[in-house]
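> Got a structure here, written out as structure tokens. Questions coming.
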Amino acid sequence: MVEPCIVWTAYFSPLVACVLITLFFLRSRNMSSLIAIGGILLSFICTLIVATQIFATRPISTTFQQTPNGLEIAHTWPAHVFQQSLPWIGFDSLVINFGYLVNPLAIMMLLVVTGVGSAIFIYSRGYMADDPGMPRFFAYLSLFAFSMIGIVLADNLIQLFIFWELVGLSSYLLIGFWYQKPSAADAGVKAFMVNRFADFGFLCGIILLWSHSNIGFGRTFDIDQLATIVPHIDPGLLTITALLLFCGIVGKSAQVPLHVWLADAMEGPTPVSALIHAATMVAAGVYLLARIFFIFEPLTIALSVIAWVGGITALMAATLAVAENDIKRILAYSTLSQLGLMVMALGLSGPMQGMYHLTTHAFFKALLFLGAGSVIYALHHEQNIWKMRGLLKSMPVTGWTFLIGTLALCGIFPLSGFWSKDEILALAAQHNFSLYVMASLASILTAFYMGRLFFVAFWGKPAKNSHAHESPAIMTWPLIFLALLSLIGGFIGIPHFLYPGNEHPHLNMRVALVSSVLALLGLAVSFVLYNKKPDADPLEKALGPIYPVLKNKYYFDDIYGWYVNKLQQGMATTTAWVEALFIDRFGVHGVTRTANAAGRIFRLLQTGLVQFYALTFVLGTLLLFLMLVRNL
Amino acid sequence: MIGLGNYLILSGVLFSIGIWGVVTSRNVLKVLLSMELLLAASNLCFVVFSKFNGDYAGQLIVFFVILVAAAEVAVGLAIIVLMYKRLNTIQADELKEMKW
């Protein structure tokens with residue numbers, strides 16, 4: 001049995017930390033960071049307790065509920081599902097609850113959020129030590145952790161949507177944390193705008209689903225109830241709903257064509273990139289997809305759209321990373337590519353595979369980002385990989401853990417990335433060969449650009465004038481912790497925990513062999529190209545005309561810019577003109593002018609002569625009297 | 001024999017004189033006096049109806065009217081005193097500022 005109070009503690013302790021910091025400790029650097037770390041650690045511990053409690057229970061009970069119109073809905077509680085729901089907002093027929101729905105999927109995600117989050121919080125205490133805004137940073141970070149936990153645990157779609165937006169808000173705050181920098185402020189706005197755009201579709205989807213959930217008990221937002229209702233909804237309508245819901249996922253998980261915000265989001269402090277834009281927030285889309293997979297499951301059209309969007313994202317982002325020179329942006333594109341793989345896995349009806357990769361990816365991508373942060377910290381905010389040299393020697397802990405992360409990301413046996421990526425590739429090979437080819441291409445490119453990053457920045461001799469040195473222990477210990485997780489992530493039975501009782505597919509030897517060879521090939525090519533530390537990127541010549549296309553990110557930003565500046569602005573100017581000319585002149589100002597003129601005329605009655613007032617009063621009374629008499 | 005009609009005619013005449021006084025006189029004091037006439041006319045009506053209907057409520061109301069009239073006179077005279085202090089006159093048409 002799961003104790004509700006423990007879940008609620010896990011739910012709210014980061015919020016309490018955020019409130020405490022904002023109210024009392026905005027001046028105290030030490031206290032603010034300690035409170036934030038305490039909040040997330042408490043949440044993590046509670047999550048661990050809940051996880052063990054879930055393991056200890058194994059009831060599968062089915063209850064039948066008679067609905068008013070005679071339909072009998074079988075309410076099967078799959079193993080290990082716990083829910084507590086409190087009424088929150090109530091109108092006549094619309095009741096919105098505030099509750100949690102704990103199942104193994106949610107607990108796994110929660111473990112990732114709070115566990116990786118704890119490591120990143122601790123790391124931030126070192127990374128942000130010199131920043132004057134550190135207390136504010138920790139307040140935002142705690143707010144983010146709270147919102148993220150809210151998404152993971154929400155038991156109904158409206159609650160989920162609210163936390164979904166809160167996550168967007170805290171992401172905006174954290175990307176624009178260094179708001180003095182115009183590029184950071186712009187990046188924050190861009191991320192927020194793109195997400196808002198996507199969330200519009202998401203909200204439409206939620207409302208559409210709600211309005212057609214009137215089977216049985218009346219309309220509901222409750223995820224668990226929806227699962228029993230969805231099979232009764234018309235599939236065509238459900239497809240539209242599913243695609244609208246997918247809109248939100250495209251935005252939050254940065255899939256093509258709304259991927260443009262993620263690379264810019266790297267303007268935020270590096271721990272933020274690690275926590276939000278690698279391990280948790282961008283993974284929220286994938287998580288949501290897995291959480292409400294029962295909606296998508298029977299819809300072949302929607303699923304193939306999802307799979308293709310994921311596949312295209314995976315391949316496209318991988319090509320973009322090849323031409324990037326900023327260490328964080330390379331990792332950002334790599335995140336995009338991996339998210340694409342996860343979405344593709346879900347599109348191929350493999351929520352387990354997608355969530356498995358999400359978990360391991362959270363480990364090694366957070367590790368890579370924190371490693372990059374350590375490098376940036378040591379080099380005084382230098383992010384260009386061509387200005388880094390031989391960091392493996394000067395920063396051994398960062399260097400070696402970074403290598404582990406790199407190998408895990410490339411999918412080298414026996415690191416965690418190998419196992420999870422292999423499952424996705426095996427799934428693709430089984431269902432859709434063209435997607436399998438795309439995913440394999442993405443994998444080989446991943447190995448290549450990660451090799452490029454590693455050999456350029458970490459390999460060889462350190463530069464003579466470099467004074468890079470290892471980061472303090474508070475930053476290296478989280479790295480070691482995450483490196484450990486990346487190492488053993490494939491062996492701790494994550495898939496079994498995620499979907500207990502499901503038959504776990506065995507390792508597909510052929511696919512595993514091919515992907516390993518491809519990954520090694522990618523690494524080898526990058527080694528040959530970058531081993532000797534060329535001064536300029538040899539790719540620039542080798543790729544020829546393709547290189548500028550990659551450099552400009554397939555012109556997505558330019559197309560959007562053109563659309564907004566030319567088309568949308570033109571439309572806005574036209575409508576503004578129409579408004580000024582017609583609506584304002586005749587509508588709004590017409591009314592005020594009429595009232596004004598009437599006022600001017602009637603003002604003449606106010607002569608200021610008392611006698612005149614008395615006379616009108618008498619005449620008025622007379623008039624009233626006459627009217628009364630006539631009516632009698 | 002003096003009937004109800006005679007009383008009502010007297011009351012109407014008094015009322016008309018009062019109205020005439022309120023509307024035409026420039027002197028604020030005269031306006032106030034004319035208003036007293038109006039009240040007297042209505043009081044007369046009340047008393048007469050009370051007498052002819054055998055209902056004492058009318059006479060009761062007259063007491064209230066007299067009471068209110070006394071208060072009204074007090075306020076009115078105070079306003080006149082203030083007006084005289086400020087404008088040095090009690091001519092009603094000098095109160096030009098009661099305009100918009």
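Here, A, B, ... name the chains of the structure tokens in the order displayed, residue numbers run from 1 inside each chain, and ligands are numbered from 1 in the same displayed order.
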Could you tell me which residues of chain A sit within 9 Å of chain B when counting only C-alpha atoms, and give me the result as a list in words?

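Every residue meeting the condition is included here: Arg603, Leu604, Gln606, Thr607, Gly608, Leu609, Val610, Gln611, Phe612, Tyr613, Ala614, Leu615 and Val618 of chain A.
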
> Can those selected residues be exported to a file as a short mmCIF file (atom, residue, chain, number, x, y, z; two decimals), in the first residue's frame so that it contains N, CA and C atoms?


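Wrote out.cif, looks like this:
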```cif
data_model
loop_
_atom_site.label_atom_id
_atom_site.label_comp_id
_atom_site.auth_asym_id
_atom_site.auth_seq_id
_atom_site.Cartn_x
_atom_site.Cartn_y
_atom_site.Cartn_z
N ARG A 603 -26.75 70.38 -21.41
CA ARG A 603 -26.08 71.21 -20.41
C ARG A 603 -26.70 72.61 -20.36
N LEU A 604 -27.24 73.00 -21.50
CA LEU A 604 -27.81 74.35 -21.56
C LEU A 604 -28.95 74.53 -20.56
N GLN A 606 -28.96 73.76 -17.56
CA GLN A 606 -28.42 74.13 -16.24
C GLN A 606 -28.03 75.60 -16.26
N THR A 607 -29.02 76.48 -16.05
CA THR A 607 -28.73 77.91 -16.18
C THR A 607 -28.05 78.48 -14.97
N GLY A 608 -28.29 77.87 -13.83
CA GLY A 608 -27.71 78.42 -12.61
C GLY A 608 -28.69 79.33 -11.88
N LEU A 609 -29.88 79.57 -12.46
CA LEU A 609 -30.88 80.41 -11.80
C LEU A 609 -31.80 79.54 -10.96
N VAL A 610 -31.87 79.82 -9.68
CA VAL A 610 -32.66 79.00 -8.77
C VAL A 610 -34.12 79.02 -9.18
N GLN A 611 -34.57 80.22 -9.59
CA GLN A 611 -35.97 80.36 -9.97
C GLN A 611 -36.32 79.45 -11.14
N PHE A 612 -35.37 79.40 -12.08
CA PHE A 612 -35.63 78.57 -13.25
C PHE A 612 -35.75 77.11 -12.83
N TYR A 613 -34.88 76.71 -11.92
CA TYR A 613 -34.94 75.34 -11.42
C TYR A 613 -36.29 75.07 -10.77
N ALA A 614 -36.72 76.01 -9.94
CA ALA A 614 -37.98 75.85 -9.23
C ALA A 614 -39.13 75.74 -10.23
N LEU A 615 -39.08 76.57 -11.25
CA LEU A 615 -40.14 76.58 -12.25
C LEU A 615 -40.21 75.24 -12.98
N VAL A 618 -41.71 72.67 -10.80
CA VAL A 618 -43.17 72.77 -10.69
C VAL A 618 -43.82 72.23 -11.96
#
```

> Just list as number ranges by chain whatever in range 75-263 of chain A DSSP marks as strand (DSSP E or B).

A: 75-77, 82-90, 95-102, 154, 156, 222

> Mind dumping the selected residues with N, CA and C atoms as a tab-separated table (two decimals), in the first residue's frame?


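Writing the result to selection32.tsv gives the following:
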```
chain	number	residue	atom	x	y	z
A	75	HIS	N	-13.75	-1.92	-14.41
A	75	HIS	CA	-12.73	-1.02	-13.92
A	75	HIS	C	-11.59	-1.86	-13.39
A	76	THR	N	-10.68	-2.16	-14.26
A	76	THR	CA	-9.59	-3.01	-13.84
A	76	THR	C	-8.46	-2.15	-13.30
A	77	TRP	N	-8.07	-2.48	-12.11
A	77	TRP	CA	-6.88	-1.81	-11.58
A	77	TRP	C	-5.70	-2.70	-11.89
A	82	PHE	N	-2.13	3.44	-7.81
A	82	PHE	CA	-2.71	4.10	-6.65
A	82	PHE	C	-3.10	5.51	-7.01
A	83	GLN	N	-4.28	5.87	-6.56
A	83	GLN	CA	-4.77	7.19	-6.92
A	83	GLN	C	-5.44	7.82	-5.72
A	84	GLN	N	-5.20	9.11	-5.55
A	84	GLN	CA	-5.99	9.85	-4.59
A	84	GLN	C	-6.36	11.16	-5.25
A	85	SER	N	-7.63	11.49	-5.19
A	85	SER	CA	-8.10	12.64	-5.92
A	85	SER	C	-8.98	13.48	-5.03
A	86	LEU	N	-8.64	14.78	-4.94
A	86	LEU	CA	-9.46	15.66	-4.11
A	86	LEU	C	-10.16	16.66	-5.02
A	87	PRO	N	-11.44	16.95	-4.74
A	87	PRO	CA	-12.12	17.95	-5.58
A	87	PRO	C	-11.44	19.30	-5.42
A	88	TRP	N	-11.26	19.99	-6.51
A	88	TRP	CA	-10.47	21.22	-6.48
A	88	TRP	C	-11.31	22.38	-6.99
A	89	ILE	N	-11.75	22.27	-8.26
A	89	ILE	CA	-12.58	23.33	-8.82
A	89	ILE	C	-13.88	22.67	-9.21
A	90	GLY	N	-15.02	23.21	-8.79
A	90	GLY	CA	-16.27	22.55	-9.12
A	90	GLY	C	-17.30	23.51	-9.66
A	95	VAL	N	-16.20	19.12	-12.84
A	95	VAL	CA	-15.44	19.04	-11.60
A	95	VAL	C	-14.00	18.73	-11.95
A	96	ILE	N	-13.11	19.56	-11.46
A	96	ILE	CA	-11.70	19.32	-11.71
A	96	ILE	C	-11.06	18.91	-10.39
A	97	ASN	N	-10.39	17.80	-10.42
A	97	ASN	CA	-9.77	17.29	-9.20
A	97	ASN	C	-8.31	17.67	-9.13
A	98	PHE	N	-7.78	17.54	-7.94
A	98	PHE	CA	-6.35	17.68	-7.76
A	98	PHE	C	-5.90	16.39	-7.08
A	99	GLY	N	-5.10	15.62	-7.76
A	99	GLY	CA	-4.75	14.34	-7.16
A	99	GLY	C	-3.48	13.78	-7.77
A	100	TYR	N	-3.19	12.58	-7.36
A	100	TYR	CA	-2.05	11.90	-7.96
A	100	TYR	C	-2.49	10.54	-8.43
A	101	LEU	N	-1.83	10.09	-9.47
A	101	LEU	CA	-2.07	8.76	-10.00
A	101	LEU	C	-0.70	8.10	-10.08
A	102	VAL	N	-0.44	7.22	-9.17
A	102	VAL	CA	0.88	6.60	-9.10
A	102	VAL	C	0.81	5.22	-9.72
A	154	ALA	N	0.15	14.06	-12.00
A	154	ALA	CA	-1.21	14.54	-12.22
A	154	ALA	C	-2.14	13.40	-12.62
A	156	ASN	N	-5.37	13.98	-13.67
A	156	ASN	CA	-6.34	14.38	-14.69
A	156	ASN	C	-5.67	15.37	-15.63
A	222	ASP	N	-10.34	12.72	-15.91
A	222	ASP	CA	-9.52	11.77	-15.17
A	222	ASP	C	-8.85	10.76	-16.11
```

> Using DSSP on the backbone coordinates, identify all residues within range 390-497 of chain A classified as alpha helix (DSSP H); present the result as a VMD selection string.

chain A and resid 391 to 394 396 to 410 416 to 431 433 to 457 473 to 488 494 to 497

> Any idea what the distance is between CA of Ala106 in chain A and CA of Arg291 in chain A?

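Answer for the CA of Ala106 in chain A to CA of Arg291 in chain A separation: 8.0 Å.
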
> Using only C-alpha atoms, which of the listed residues (A:Ile494, A:Ile21, A:Val116, A:Val343) sits closest to Leu479 in chain A?

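Distance minimum relative to Leu479 in chain A lands on A:Val116.
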
> Excluding Val62 in chain B and residues on its chain fewer than 2 positions from it, collect all residues at most 8 Å away from it, counting only C-alpha atoms, and give them as an mmCIF file with N, CA and C atoms, in the first residue's frame.


```
data_model
loop_
_atom_site.group_PDB
_atom_site.id
_atom_site.type_symbol
_atom_site.label_atom_id
_atom_site.label_comp_id
_atom_site.auth_asym_id
_atom_site.auth_seq_id
_atom_site.Cartn_x
_atom_site.Cartn_y
_atom_site.Cartn_z
ATOM 1 N N ASN B 43 -50.931 70.951 4.786
ATOM 2 C CA ASN B 43 -51.377 70.623 6.140
ATOM 3 C C ASN B 43 -52.893 70.769 6.260
ATOM 4 N N PHE B 46 -54.609 67.842 4.827
ATOM 5 C CA PHE B 46 -54.544 66.686 5.722
ATOM 6 C C PHE B 46 -55.604 66.781 6.807
ATOM 7 N N VAL B 47 -55.639 67.959 7.463
ATOM 8 C CA VAL B 47 -56.553 68.121 8.602
ATOM 9 C C VAL B 47 -58.003 67.969 8.146
ATOM 10 N N GLY B 58 -54.355 61.537 9.655
ATOM 11 C CA GLY B 58 -54.047 62.770 8.934
ATOM 12 C C GLY B 58 -53.509 63.829 9.873
ATOM 13 N N GLN B 59 -54.148 63.979 11.027
ATOM 14 C CA GLN B 59 -53.673 65.002 11.971
ATOM 15 C C GLN B 59 -52.295 64.646 12.515
ATOM 16 N N LEU B 60 -52.091 63.378 12.659
ATOM 17 C CA LEU B 60 -50.772 62.928 13.136
ATOM 18 C C LEU B 60 -49.688 63.342 12.152
ATOM 19 N N PHE B 64 -45.936 65.788 12.089
ATOM 20 C CA PHE B 64 -44.623 65.496 11.490
ATOM 21 C C PHE B 64 -44.227 66.572 10.505
ATOM 22 N N VAL B 65 -45.172 66.995 9.687
ATOM 23 C CA VAL B 65 -44.860 68.004 8.670
ATOM 24 C C VAL B 65 -44.387 69.281 9.348
ATOM 25 N N ILE B 66 -45.076 69.650 10.439
ATOM 26 C CA ILE B 66 -44.684 70.883 11.135
ATOM 27 C C ILE B 66 -43.262 70.732 11.675
#
```
